[in-house]
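Asker: This is final28.txt (compact mmCIF, C-alpha atoms).
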# COMPACT_ATOMS: atom_id res chain seq x y z
CA MET A 12 -220.12 108.15 14.18
CA ARG A 13 -222.99 110.01 12.51
CA ASP A 14 -220.59 112.62 11.12
CA LEU A 15 -218.30 109.92 9.76
CA GLY A 16 -221.20 108.49 7.78
CA ALA A 17 -222.28 111.96 6.65
CA GLY A 18 -218.78 112.75 5.40
CA PHE A 19 -218.61 109.51 3.43
CA GLY A 20 -222.09 110.25 2.11
CA HIS A 21 -220.87 113.58 0.73
CA LEU A 22 -218.02 111.79 -1.00
CA LEU A 23 -220.40 109.36 -2.70
CA ALA A 24 -222.86 112.14 -3.53
CA GLY A 25 -220.14 114.14 -5.25
CA GLN A 26 -219.16 111.19 -7.43
CA ARG A 27 -222.80 110.59 -8.32
CA TRP A 28 -223.27 114.27 -9.16
CA VAL A 29 -220.46 114.29 -11.73
CA GLY A 30 -221.76 110.96 -13.02
CA ARG A 31 -225.01 112.73 -13.90
CA HIS A 32 -223.19 115.73 -15.39
CA GLY A 33 -220.83 114.23 -17.93
CA ARG A 34 -219.64 117.52 -19.40
CA GLN A 35 -218.53 118.85 -16.03
CA TYR A 36 -216.80 115.56 -15.33
CA GLY A 37 -214.91 115.66 -18.63
CA PHE A 38 -213.61 119.18 -18.07
CA GLY A 39 -212.72 118.28 -14.48
CA LEU A 40 -210.43 115.46 -15.66
CA LEU A 41 -208.07 117.74 -17.58
CA PRO A 42 -206.20 119.38 -14.64
CA GLY A 43 -205.61 116.00 -12.98
CA LEU A 44 -204.20 114.52 -16.18
CA ILE A 45 -201.83 117.46 -16.64
CA THR A 46 -200.64 117.24 -13.02
CA LEU A 47 -200.25 113.47 -13.24
CA VAL A 48 -197.95 113.77 -16.25
CA LEU A 49 -195.81 116.38 -14.49
CA TYR A 50 -195.54 114.34 -11.30
CA ALA A 51 -194.82 111.11 -13.15
CA ALA A 52 -191.96 112.82 -15.04
CA ALA A 53 -190.55 114.20 -11.77
CA LEU A 54 -190.68 110.78 -10.04
CA VAL A 55 -189.08 109.05 -13.03
CA ALA A 56 -186.29 111.65 -12.99
CA LEU A 57 -185.84 111.09 -9.25
CA GLY A 58 -185.64 107.35 -9.81
CA VAL A 59 -183.10 107.67 -12.63
CA TRP A 60 -180.84 110.35 -11.14
CA GLY A 61 -181.57 110.00 -7.43
CA GLU A 62 -178.59 107.72 -6.83
CA ASP A 63 -176.23 110.17 -8.56
CA GLY A 64 -177.63 112.97 -6.42
CA VAL A 65 -177.05 110.98 -3.23
CA ALA A 66 -173.47 110.17 -4.32
CA TRP A 67 -172.83 113.87 -4.97
CA ALA A 68 -174.25 114.82 -1.56
CA THR A 69 -172.19 112.23 0.35
CA PRO A 70 -168.57 112.65 -0.80
CA PHE A 71 -167.38 111.52 2.63
CA ALA A 72 -168.51 107.98 1.72
CA ASP A 73 -166.37 107.75 -1.43
CA ASP A 74 -163.62 105.84 0.37
CA TRP A 75 -165.87 103.49 2.28
CA SER A 76 -165.31 99.82 1.64
CA SER A 77 -167.88 97.49 0.14
CA PRO A 78 -170.64 96.71 1.01
CA TRP A 79 -171.07 99.66 3.43
CA GLN A 80 -170.89 102.37 0.80
CA GLY A 81 -173.54 100.68 -1.35
CA LEU A 82 -175.82 99.96 1.59
CA PHE A 83 -175.55 103.50 2.95
CA ARG A 84 -176.17 105.24 -0.35
CA GLY A 85 -178.84 102.73 -1.35
CA PHE A 86 -180.69 103.44 1.89
CA LEU A 87 -180.48 107.21 1.34
CA THR A 88 -181.68 106.80 -2.25
CA ALA A 89 -184.68 104.79 -1.06
CA VAL A 90 -185.44 107.42 1.60
CA LEU A 91 -185.15 110.19 -1.00
CA PHE A 92 -187.58 108.45 -3.34
CA ALA A 93 -189.99 107.70 -0.47
CA LEU A 94 -189.95 111.37 0.55
CA GLY A 95 -190.55 112.36 -3.07
CA LEU A 96 -193.50 109.99 -3.26
CA LEU A 97 -194.91 111.29 0.04
CA LEU A 98 -194.52 114.86 -1.19
CA ALA A 99 -196.31 113.95 -4.42
CA VAL A 100 -199.25 112.47 -2.49
CA LEU A 101 -199.47 115.46 -0.14
CA THR A 102 -199.24 118.08 -2.87
CA PHE A 103 -201.12 116.43 -5.76
CA THR A 104 -204.49 117.84 -4.77
CA ALA A 105 -203.15 121.36 -4.15
CA VAL A 106 -201.30 121.49 -7.47
CA THR A 107 -204.24 120.00 -9.38
CA LEU A 108 -206.62 122.55 -7.86
CA LEU A 109 -204.23 125.36 -8.74
CA VAL A 110 -203.83 124.14 -12.34
CA GLY A 111 -207.56 123.60 -12.69
CA GLN A 112 -208.85 126.61 -10.74
CA PRO A 113 -211.23 127.84 -13.49
CA PHE A 114 -212.53 124.30 -14.16
CA TYR A 115 -213.16 123.43 -10.52
CA GLU A 116 -214.54 126.87 -9.73
CA ASN A 117 -217.17 126.37 -12.42
CA LEU A 118 -217.90 122.81 -11.28
CA SER A 119 -218.35 123.91 -7.67
CA GLU A 120 -220.68 126.73 -8.75
CA LYS A 121 -222.80 124.24 -10.71
CA VAL A 122 -223.13 122.03 -7.63
CA ASP A 123 -224.16 125.03 -5.50
CA GLU A 124 -226.73 126.04 -8.11
CA ASP A 125 -228.08 122.50 -8.31
CA VAL A 126 -228.55 121.89 -4.58
CA SER A 127 -229.40 125.41 -3.41
CA PRO A 128 -233.15 125.69 -2.64
CA ASP A 129 -233.38 129.04 -4.42
CA GLY A 130 -230.65 128.40 -7.00
CA THR A 131 -228.33 131.08 -5.63
CA VAL A 132 -224.59 130.67 -6.20
CA PRO A 133 -222.14 132.44 -3.86
CA ARG A 134 -219.42 134.24 -5.81
CA SER A 135 -216.35 136.03 -4.57
CA GLY A 136 -216.56 138.85 -7.10
CA LEU A 137 -212.75 138.84 -7.35
CA PRO A 138 -210.87 138.82 -10.67
CA LEU A 139 -209.35 135.49 -11.73
CA TRP A 140 -205.77 136.59 -11.08
CA ARG A 141 -206.69 137.54 -7.51
CA GLU A 142 -208.40 134.19 -6.89
CA LEU A 143 -205.36 132.36 -8.28
CA TRP A 144 -203.06 134.35 -6.02
CA ILE A 145 -205.14 133.61 -2.91
CA SER A 146 -205.38 129.93 -3.85
CA ALA A 147 -201.61 129.65 -4.40
CA ARG A 148 -200.81 131.50 -1.18
CA ASP A 149 -203.17 129.41 0.94
CA SER A 150 -202.03 126.17 -0.72
CA LEU A 151 -198.43 127.01 0.16
CA ARG A 152 -199.39 127.59 3.79
CA ILE A 153 -201.23 124.28 3.93
CA LEU A 154 -198.35 122.54 2.20
CA VAL A 155 -195.94 123.72 4.90
CA ARG A 156 -198.25 122.32 7.58
CA ALA A 157 -198.65 119.05 5.68
CA LEU A 158 -194.90 118.72 5.21
CA VAL A 159 -194.29 119.19 8.94
CA TRP A 160 -196.76 116.40 9.66
CA GLY A 161 -195.29 114.26 6.87
CA VAL A 162 -191.72 114.54 8.14
CA LEU A 163 -192.85 113.89 11.74
CA LEU A 164 -194.84 110.78 10.77
CA PHE A 165 -192.03 109.58 8.53
CA ALA A 166 -189.57 109.81 11.44
CA LEU A 167 -192.02 108.08 13.82
CA GLY A 168 -192.34 105.28 11.29
CA PHE A 169 -188.92 104.00 12.36
CA LEU A 170 -190.18 103.28 15.88
CA PRO A 171 -190.62 99.54 16.54
CA VAL A 172 -194.22 98.26 16.40
CA VAL A 173 -195.82 101.71 16.78
CA GLY A 174 -194.22 102.87 13.54
CA GLN A 175 -195.76 99.98 11.63
CA THR A 176 -199.23 100.09 13.21
CA VAL A 177 -200.34 103.35 14.81
CA VAL A 178 -198.34 105.78 12.66
CA PRO A 179 -199.77 104.66 9.27
CA VAL A 180 -203.31 105.04 10.66
CA LEU A 181 -202.51 108.53 11.93
CA GLY A 182 -201.01 109.30 8.54
CA PHE A 183 -204.25 108.46 6.76
CA PHE A 184 -206.28 110.69 9.07
CA VAL A 185 -203.81 113.57 8.68
CA THR A 186 -203.88 113.13 4.90
CA GLY A 187 -207.69 113.05 4.96
CA PHE A 188 -207.84 116.31 6.90
CA PHE A 189 -205.53 118.20 4.55
CA LEU A 190 -207.22 116.73 1.48
CA THR A 191 -210.58 117.98 2.72
CA GLU A 192 -209.12 121.41 3.47
CA GLU A 193 -207.75 121.75 -0.05
CA LEU A 194 -210.93 120.52 -1.71
CA THR A 195 -213.37 122.59 0.36
CA SER A 196 -211.24 125.68 -0.23
CA VAL A 197 -212.76 125.99 -3.72
CA ALA A 198 -216.26 126.55 -2.33
CA LEU A 199 -215.23 128.34 0.87
CA GLN A 200 -212.91 130.77 -0.89
CA ARG A 201 -215.82 131.82 -3.11
CA ARG A 202 -217.71 132.64 0.08
CA GLY A 203 -214.88 134.82 1.36
CA VAL A 204 -213.86 132.43 4.18
CA GLU A 205 -210.21 133.01 5.06
CA LEU A 206 -207.75 130.17 5.65
CA ARG A 207 -207.71 130.55 9.44
CA ASP A 208 -211.51 130.41 9.56
CA ARG A 209 -211.56 127.44 7.17
CA LEU A 210 -209.24 125.50 9.46
CA ALA A 211 -211.39 126.38 12.48
CA LEU A 212 -214.49 125.12 10.65
CA LEU A 213 -212.80 121.85 9.76
CA ARG A 214 -211.50 121.29 13.29
CA SER A 215 -214.98 121.87 14.68
CA ARG A 216 -216.27 118.85 12.69
CA LYS A 217 -213.24 116.53 12.55
CA THR A 218 -215.25 113.34 12.20
CA LEU A 219 -217.16 114.79 9.25
CA VAL A 220 -213.84 115.79 7.67
CA TRP A 221 -212.31 112.35 8.29
CA GLY A 222 -215.37 110.60 6.93
CA PHE A 223 -214.94 112.50 3.68
CA GLY A 224 -211.16 112.85 3.35
CA THR A 225 -209.72 109.63 4.81
CA PRO A 226 -211.36 107.16 2.37
CA LEU A 227 -210.55 109.58 -0.44
CA GLY A 228 -206.91 109.65 0.65
CA LEU A 229 -206.83 105.83 0.67
CA ALA A 230 -208.30 105.77 -2.83
CA PHE A 231 -205.72 108.31 -4.01
CA LEU A 232 -202.95 105.82 -3.16
CA VAL A 233 -204.04 103.69 -6.13
CA PRO A 234 -202.22 104.89 -9.27
CA PHE A 235 -204.34 107.09 -11.59
CA VAL A 236 -207.41 106.88 -9.32
CA ALA A 237 -206.91 110.43 -8.07
CA VAL A 238 -207.29 111.80 -11.60
CA PHE A 239 -210.69 110.17 -12.10
CA LEU A 240 -212.01 110.95 -8.61
CA MET A 241 -210.97 114.61 -8.50
CA PRO A 242 -214.08 116.09 -10.22
CA GLY A 243 -216.40 114.17 -7.91
CA ALA A 244 -214.21 115.04 -4.92
CA VAL A 245 -214.59 118.76 -5.68
CA ALA A 246 -218.36 118.30 -6.03
CA GLY A 247 -218.56 116.39 -2.74
CA ALA A 248 -216.36 118.95 -0.99
CA THR A 249 -218.82 121.66 -2.03
CA LEU A 250 -221.53 119.72 -0.18
CA VAL A 251 -219.21 119.44 2.84
CA ALA A 252 -218.63 123.20 2.75
CA ARG A 253 -222.37 123.84 2.68
CA GLU A 254 -222.89 121.64 5.73
CA LEU A 255 -220.00 123.24 7.63
CA LEU A 256 -221.60 126.64 7.08
CA GLY A 257 -225.10 125.37 7.88
CA GLU A 258 -226.48 126.13 4.41
CA GLU A 259 -229.65 124.34 3.38
CA SER A 260 -229.65 122.03 0.37
CA ALA A 261 -232.52 121.06 -1.88
CA ARG A 262 -233.93 117.57 -1.47
CA ASP A 263 -232.50 116.15 -4.67
CA GLU A 264 -230.69 112.84 -5.06
CA ALA A 265 -227.26 114.26 -4.31
CA ALA A 266 -228.41 116.05 -1.18
CA GLU A 267 -230.29 113.01 0.07
CA ASP A 268 -227.20 110.83 -0.36
CA ALA A 269 -225.10 113.36 1.53
CA GLU A 270 -227.35 114.64 4.32
CA PRO A 271 -231.14 114.60 4.62
CA VAL A 272 -232.67 118.05 5.01
CA SER A 273 -234.94 118.48 8.01
CA SER A 274 -238.47 119.59 7.27
Spit out the file's structure as structure tokens when you get a sec.

Answerer:
Amino acid sequence: MRDLGAGFGHLLAGQRWVGRHGRQYGFGLLPGLITLVLYAAALVALGVWGEDGVAWATPFADDWSSPWQGLFRGFLTAVLFALGLLLAVLTFTAVTLLVGQPFYENLSEKVDEDVSPDGTVPRSGLPLWRELWISARDSLRILVRALVWGVLLFALGFLPVVGQTVVPVLGFFVTGFFLTEELTSVALQRRGVELRDRLALLRSRKTLVWGFGTPLGLAFLVPFVAVFLMPGAVAGATLVARELLGEESARDEAAEDAEPVSS
């Protein structure tokens, strides 16, 4: 339970940090806005042409009598849109981080500099193109894992009772885990921590990860909220990364909100 509270504390501390650093917050909004526009256009297109796509993919139903043809294709259209929406939720953070790599890299460095006792900032020393490549490669690997979980939970959702109670709760925890992985990757990648080691770190402190990522995932379900919370989420994830690696933080307001430092 202590780790759950600590994880939530990091989330709040990150939002407070960007609240005190307006310029960083403003720059951090841009990638989310760009990604939101792209995703909104894709979902609108899916809503407009999804039914035509389903009709094209199910020619065997052309001769079905009414109302079975309409019910069948309407159900598939709804499933297609639901899968598109689920995919958007699962990939929004990864795509936003990829689009905004330079912005979030700088923001994360500023947080490290602010809370580090000696002001040191870990840097990868890699050129930007190399960092973008690593970020895209790792995001794709995480996306595959998230999609496997998403499809599994979507299928389990059709089970009576369990699908409407237990499965949604599991879905939020799974989403919270992958959200935290994507967000902490900004700070951990700068420290040279590979994907496999990042996942091992997160699994070693699951309750800390859930305390940070699960409420954030719930907040991201509200339209447009993800855009405004992303800068603070990156800042908070930097604090999570520091705790996972056992790095000390200065006793400033953000660090005290996240995790008190022992004397």

Asker: Using CA of Arg13 (chain A) and CA of Ala246 (chain A) as the two end points, give the distance in Å to one decimal.

Answerer: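 If I compute the distance from CA of Arg13 (chain A) to CA of Ala246 (chain A), I get 20.8 Å.
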
Asker: Pick out the residues sitting within 12 Å of Trp140 (chain A), and hand them over as an MDAnalysis selection string; count all atoms listed in the file, and ignore anything fewer than 6 positions along from it in its own chain.

Answerer: chainID A and resid 109 112:113 146:147

Asker: Using all atoms listed in the file, which of the listed residues (A:Arg34, A:Asp208, A:Lys121, A:Thr186) sits closest to Leu97 (chain A)?

Answerer: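 Among A:Arg34, A:Asp208, A:Lys121, A:Thr186, it is A:Thr186 that comes nearest to Leu97 (chain A).
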
Asker: Determine the nearest neighbour of Ser150 (chain A) from the options A:Leu232, A:Val251, A:Ala52, A:Val197, counting only C-alpha atoms.

Answerer: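 That would be A:Val197, the residue with the smallest distance to Ser150 (chain A).
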
Asker: From (-208.9, 125.0, 7.0), in the file's coordinates, out to 9 Å: which residues are reached, counting all atoms listed in the file? Answer as a VMD selection string.

Answerer: chain A and resid 153 188 to 189 191 to 193 195 to 196 205 to 214

Asker: By how many Å are CA of Leu44 (chain A) and CA of Val90 (chain A) apart?

Answerer: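 Answer for the CA of Leu44 (chain A) to CA of Val90 (chain A) separation: 26.8 Å.
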
Asker: Pick out the closest residue to Ser215 (chain A) from this set: A:Asp14, A:Val245, A:Phe92, A:Glu124. Count only C-alpha atoms.

Answerer: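 Under the stated criterion, the closest residue is A:Asp14.
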
Asker: So that I can see what lies close to region 254-259 of chain A, please list as an mmCIF file with C-alpha atoms, keeping the file's coordinate frame the residues with an atom at most 8 Å from it, counting all atoms listed in the file and leaving out residues fewer than 2 positions away in the same chain.

Answerer:
data_model
loop_
_atom_site.group_PDB
_atom_site.id
_atom_site.type_symbol
_atom_site.label_atom_id
_atom_site.label_comp_id
_atom_site.auth_asym_id
_atom_site.auth_seq_id
_atom_site.Cartn_x
_atom_site.Cartn_y
_atom_site.Cartn_z
ATOM 1 C CA SER A 127 -229.400 125.410 -3.410
ATOM 2 C CA PRO A 128 -233.150 125.690 -2.640
ATOM 3 C CA LEU A 212 -214.490 125.120 10.650
ATOM 4 C CA LEU A 213 -212.800 121.850 9.760
ATOM 5 C CA ARG A 216 -216.270 118.850 12.690
ATOM 6 C CA LEU A 250 -221.530 119.720 -0.180
ATOM 7 C CA VAL A 251 -219.210 119.440 2.840
ATOM 8 C CA ALA A 252 -218.630 123.200 2.750
ATOM 9 C CA ALA A 261 -232.520 121.060 -1.880
ATOM 10 C CA VAL A 272 -232.670 118.050 5.010
#

Asker: Given only C-alpha atoms as the basis, pick out the residue of A:Trp221, A:Tyr50, A:Phe235, A:Phe19 nearest to Leu98 (chain A).

Answerer: A:Tyr50

Asker: Within 10 Å of (-199.1, 108.0, 12.9), in the coordinates the file gives, what residues turn up when you count all atoms listed in the file, written out as number ranges by chain?

Answerer: A: 160-161, 163-168, 173-185

Asker: If you measure from CA of Thr225 (chain A) to CA of Gln26 (chain A), what distance in Å do you get, rounded to one decimal?

Answerer: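 Computing the Euclidean distance for CA of Thr225 (chain A) and CA of Gln26 (chain A) yields 15.5 Å.
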
Asker: So, with only C-alpha atoms as the atoms that count, which of A:Phe83, A:Gly43, A:Leu227, A:Leu101 lies closest to Val162 (chain A)?

Answerer: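 Closest candidate: A:Leu101.
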
Asker: Tell me which of A:Leu15, A:Val132, A:Ala66, A:Ala198 sits closest to Gln80 (chain A), counting all atoms listed in the file.

Answerer: A:Ala66

Asker: Need the shell around Val100 (chain A): protein/DNA/RNA residues with any atom at most 9 Å away, counting only C-alpha atoms. Skip same-chain ones fewer than 4 positions apart. Format as a PDB file with C-alpha atoms, keeping the file's coordinate frame?

Answerer:
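File written: part-v9.pdb
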ATOM      1  CA  GLY A  95    -190.550 112.360  -3.070  1.00  0.00           C
ATOM      2  CA  LEU A  96    -193.500 109.990  -3.260  1.00  0.00           C
ATOM      3  CA  THR A 104    -204.490 117.840  -4.770  1.00  0.00           C
ATOM      4  CA  THR A 186    -203.880 113.130   4.900  1.00  0.00           C
ATOM      5  CA  GLY A 228    -206.910 109.650   0.650  1.00  0.00           C
ATOM      6  CA  PHE A 231    -205.720 108.310  -4.010  1.00  0.00           C
ATOM      7  CA  LEU A 232    -202.950 105.820  -3.160  1.00  0.00           C
TER       8      LEU A 232
END

Asker: For region 35-46 of chain A, which lacks atoms in the input, supply all heavy atoms and format the output as an mmCIF file, in the coordinates of the input.

Answerer:
data_model
loop_
_atom_site.group_PDB
_atom_site.id
_atom_site.type_symbol
_atom_site.label_atom_id
_atom_site.label_comp_id
_atom_site.auth_asym_id
_atom_site.auth_seq_id
_atom_site.Cartn_x
_atom_site.Cartn_y
_atom_site.Cartn_z
ATOM 1 N N GLN A 35 -219.315 118.333 -17.139
ATOM 2 C CA GLN A 35 -218.530 118.850 -16.030
ATOM 3 C C GLN A 35 -217.434 117.862 -15.631
ATOM 4 O O GLN A 35 -216.316 118.251 -15.304
ATOM 5 C CB GLN A 35 -219.429 119.140 -14.828
ATOM 6 C CG GLN A 35 -220.449 120.246 -15.061
ATOM 7 C CD GLN A 35 -219.799 121.591 -15.285
ATOM 8 O OE1 GLN A 35 -218.777 121.905 -14.679
ATOM 9 N NE2 GLN A 35 -220.367 122.392 -16.163
ATOM 10 N N TYR A 36 -217.769 116.590 -15.677
ATOM 11 C CA TYR A 36 -216.800 115.560 -15.330
ATOM 12 C C TYR A 36 -215.636 115.557 -16.323
ATOM 13 O O TYR A 36 -214.464 115.473 -15.943
ATOM 14 C CB TYR A 36 -217.468 114.187 -15.311
ATOM 15 C CG TYR A 36 -216.529 113.057 -14.964
ATOM 16 C CD1 TYR A 36 -215.991 112.953 -13.685
ATOM 17 C CD2 TYR A 36 -216.185 112.095 -15.907
ATOM 18 C CE1 TYR A 36 -215.132 111.911 -13.362
ATOM 19 C CE2 TYR A 36 -215.329 111.053 -15.591
ATOM 20 C CZ TYR A 36 -214.814 110.966 -14.324
ATOM 21 O OH TYR A 36 -213.946 109.948 -14.006
ATOM 22 N N GLY A 37 -215.952 115.671 -17.603
ATOM 23 C CA GLY A 37 -214.910 115.660 -18.630
ATOM 24 C C GLY A 37 -213.944 116.819 -18.477
ATOM 25 O O GLY A 37 -212.717 116.636 -18.535
ATOM 26 N N PHE A 38 -214.487 118.030 -18.266
ATOM 27 C CA PHE A 38 -213.610 119.180 -18.070
ATOM 28 C C PHE A 38 -212.797 119.037 -16.784
ATOM 29 O O PHE A 38 -211.637 119.456 -16.725
ATOM 30 C CB PHE A 38 -214.440 120.469 -18.009
ATOM 31 C CG PHE A 38 -214.878 120.966 -19.360
ATOM 32 C CD1 PHE A 38 -216.214 121.215 -19.625
ATOM 33 C CD2 PHE A 38 -213.957 121.177 -20.374
ATOM 34 C CE1 PHE A 38 -216.622 121.678 -20.868
ATOM 35 C CE2 PHE A 38 -214.353 121.635 -21.619
ATOM 36 C CZ PHE A 38 -215.690 121.878 -21.873
ATOM 37 N N GLY A 39 -213.406 118.431 -15.761
ATOM 38 C CA GLY A 39 -212.720 118.280 -14.480
ATOM 39 C C GLY A 39 -211.576 117.285 -14.518
ATOM 40 O O GLY A 39 -210.711 117.303 -13.631
ATOM 41 N N LEU A 40 -211.522 116.429 -15.533
ATOM 42 C CA LEU A 40 -210.430 115.460 -15.660
ATOM 43 C C LEU A 40 -209.132 116.099 -16.150
ATOM 44 O O LEU A 40 -208.040 115.619 -15.852
ATOM 45 C CB LEU A 40 -210.823 114.336 -16.620
ATOM 46 C CG LEU A 40 -211.852 113.320 -16.141
ATOM 47 C CD1 LEU A 40 -212.157 112.335 -17.262
ATOM 48 C CD2 LEU A 40 -211.341 112.568 -14.912
ATOM 49 N N LEU A 41 -209.245 117.172 -16.922
ATOM 50 C CA LEU A 41 -208.070 117.740 -17.580
ATOM 51 C C LEU A 41 -206.970 118.189 -16.612
ATOM 52 O O LEU A 41 -205.795 117.839 -16.812
ATOM 53 C CB LEU A 41 -208.495 118.923 -18.473
ATOM 54 C CG LEU A 41 -209.384 118.561 -19.671
ATOM 55 C CD1 LEU A 41 -209.800 119.836 -20.415
ATOM 56 C CD2 LEU A 41 -208.650 117.618 -20.614
ATOM 57 N N PRO A 42 -207.275 118.951 -15.546
ATOM 58 C CA PRO A 42 -206.200 119.380 -14.640
ATOM 59 C C PRO A 42 -205.480 118.201 -13.984
ATOM 60 O O PRO A 42 -204.254 118.228 -13.827
ATOM 61 C CB PRO A 42 -206.928 120.227 -13.595
ATOM 62 C CG PRO A 42 -208.189 120.656 -14.261
ATOM 63 C CD PRO A 42 -208.578 119.525 -15.152
ATOM 64 N N GLY A 43 -206.223 117.168 -13.606
ATOM 65 C CA GLY A 43 -205.610 116.000 -12.980
ATOM 66 C C GLY A 43 -204.675 115.276 -13.931
ATOM 67 O O GLY A 43 -203.602 114.799 -13.528
ATOM 68 N N LEU A 44 -205.060 115.176 -15.193
ATOM 69 C CA LEU A 44 -204.200 114.520 -16.180
ATOM 70 C C LEU A 44 -202.914 115.302 -16.393
ATOM 71 O O LEU A 44 -201.825 114.715 -16.484
ATOM 72 C CB LEU A 44 -204.964 114.367 -17.502
ATOM 73 C CG LEU A 44 -206.111 113.350 -17.513
ATOM 74 C CD1 LEU A 44 -206.909 113.462 -18.806
ATOM 75 C CD2 LEU A 44 -205.579 111.937 -17.334
ATOM 76 N N ILE A 45 -203.024 116.629 -16.468
ATOM 77 C CA ILE A 45 -201.830 117.460 -16.640
ATOM 78 C C ILE A 45 -200.893 117.301 -15.444
ATOM 79 O O ILE A 45 -199.673 117.107 -15.596
ATOM 80 C CB ILE A 45 -202.236 118.936 -16.815
ATOM 81 C CG1 ILE A 45 -203.005 119.125 -18.130
ATOM 82 C CG2 ILE A 45 -201.007 119.849 -16.784
ATOM 83 C CD1 ILE A 45 -203.629 120.501 -18.282
ATOM 84 N N THR A 46 -201.450 117.373 -14.237
ATOM 85 C CA THR A 46 -200.640 117.240 -13.020
ATOM 86 C C THR A 46 -200.019 115.864 -12.919
ATOM 87 O O THR A 46 -198.859 115.716 -12.510
ATOM 88 C CB THR A 46 -201.497 117.531 -11.781
ATOM 89 O OG1 THR A 46 -202.166 118.780 -11.928
ATOM 90 C CG2 THR A 46 -200.638 117.562 -10.525
#
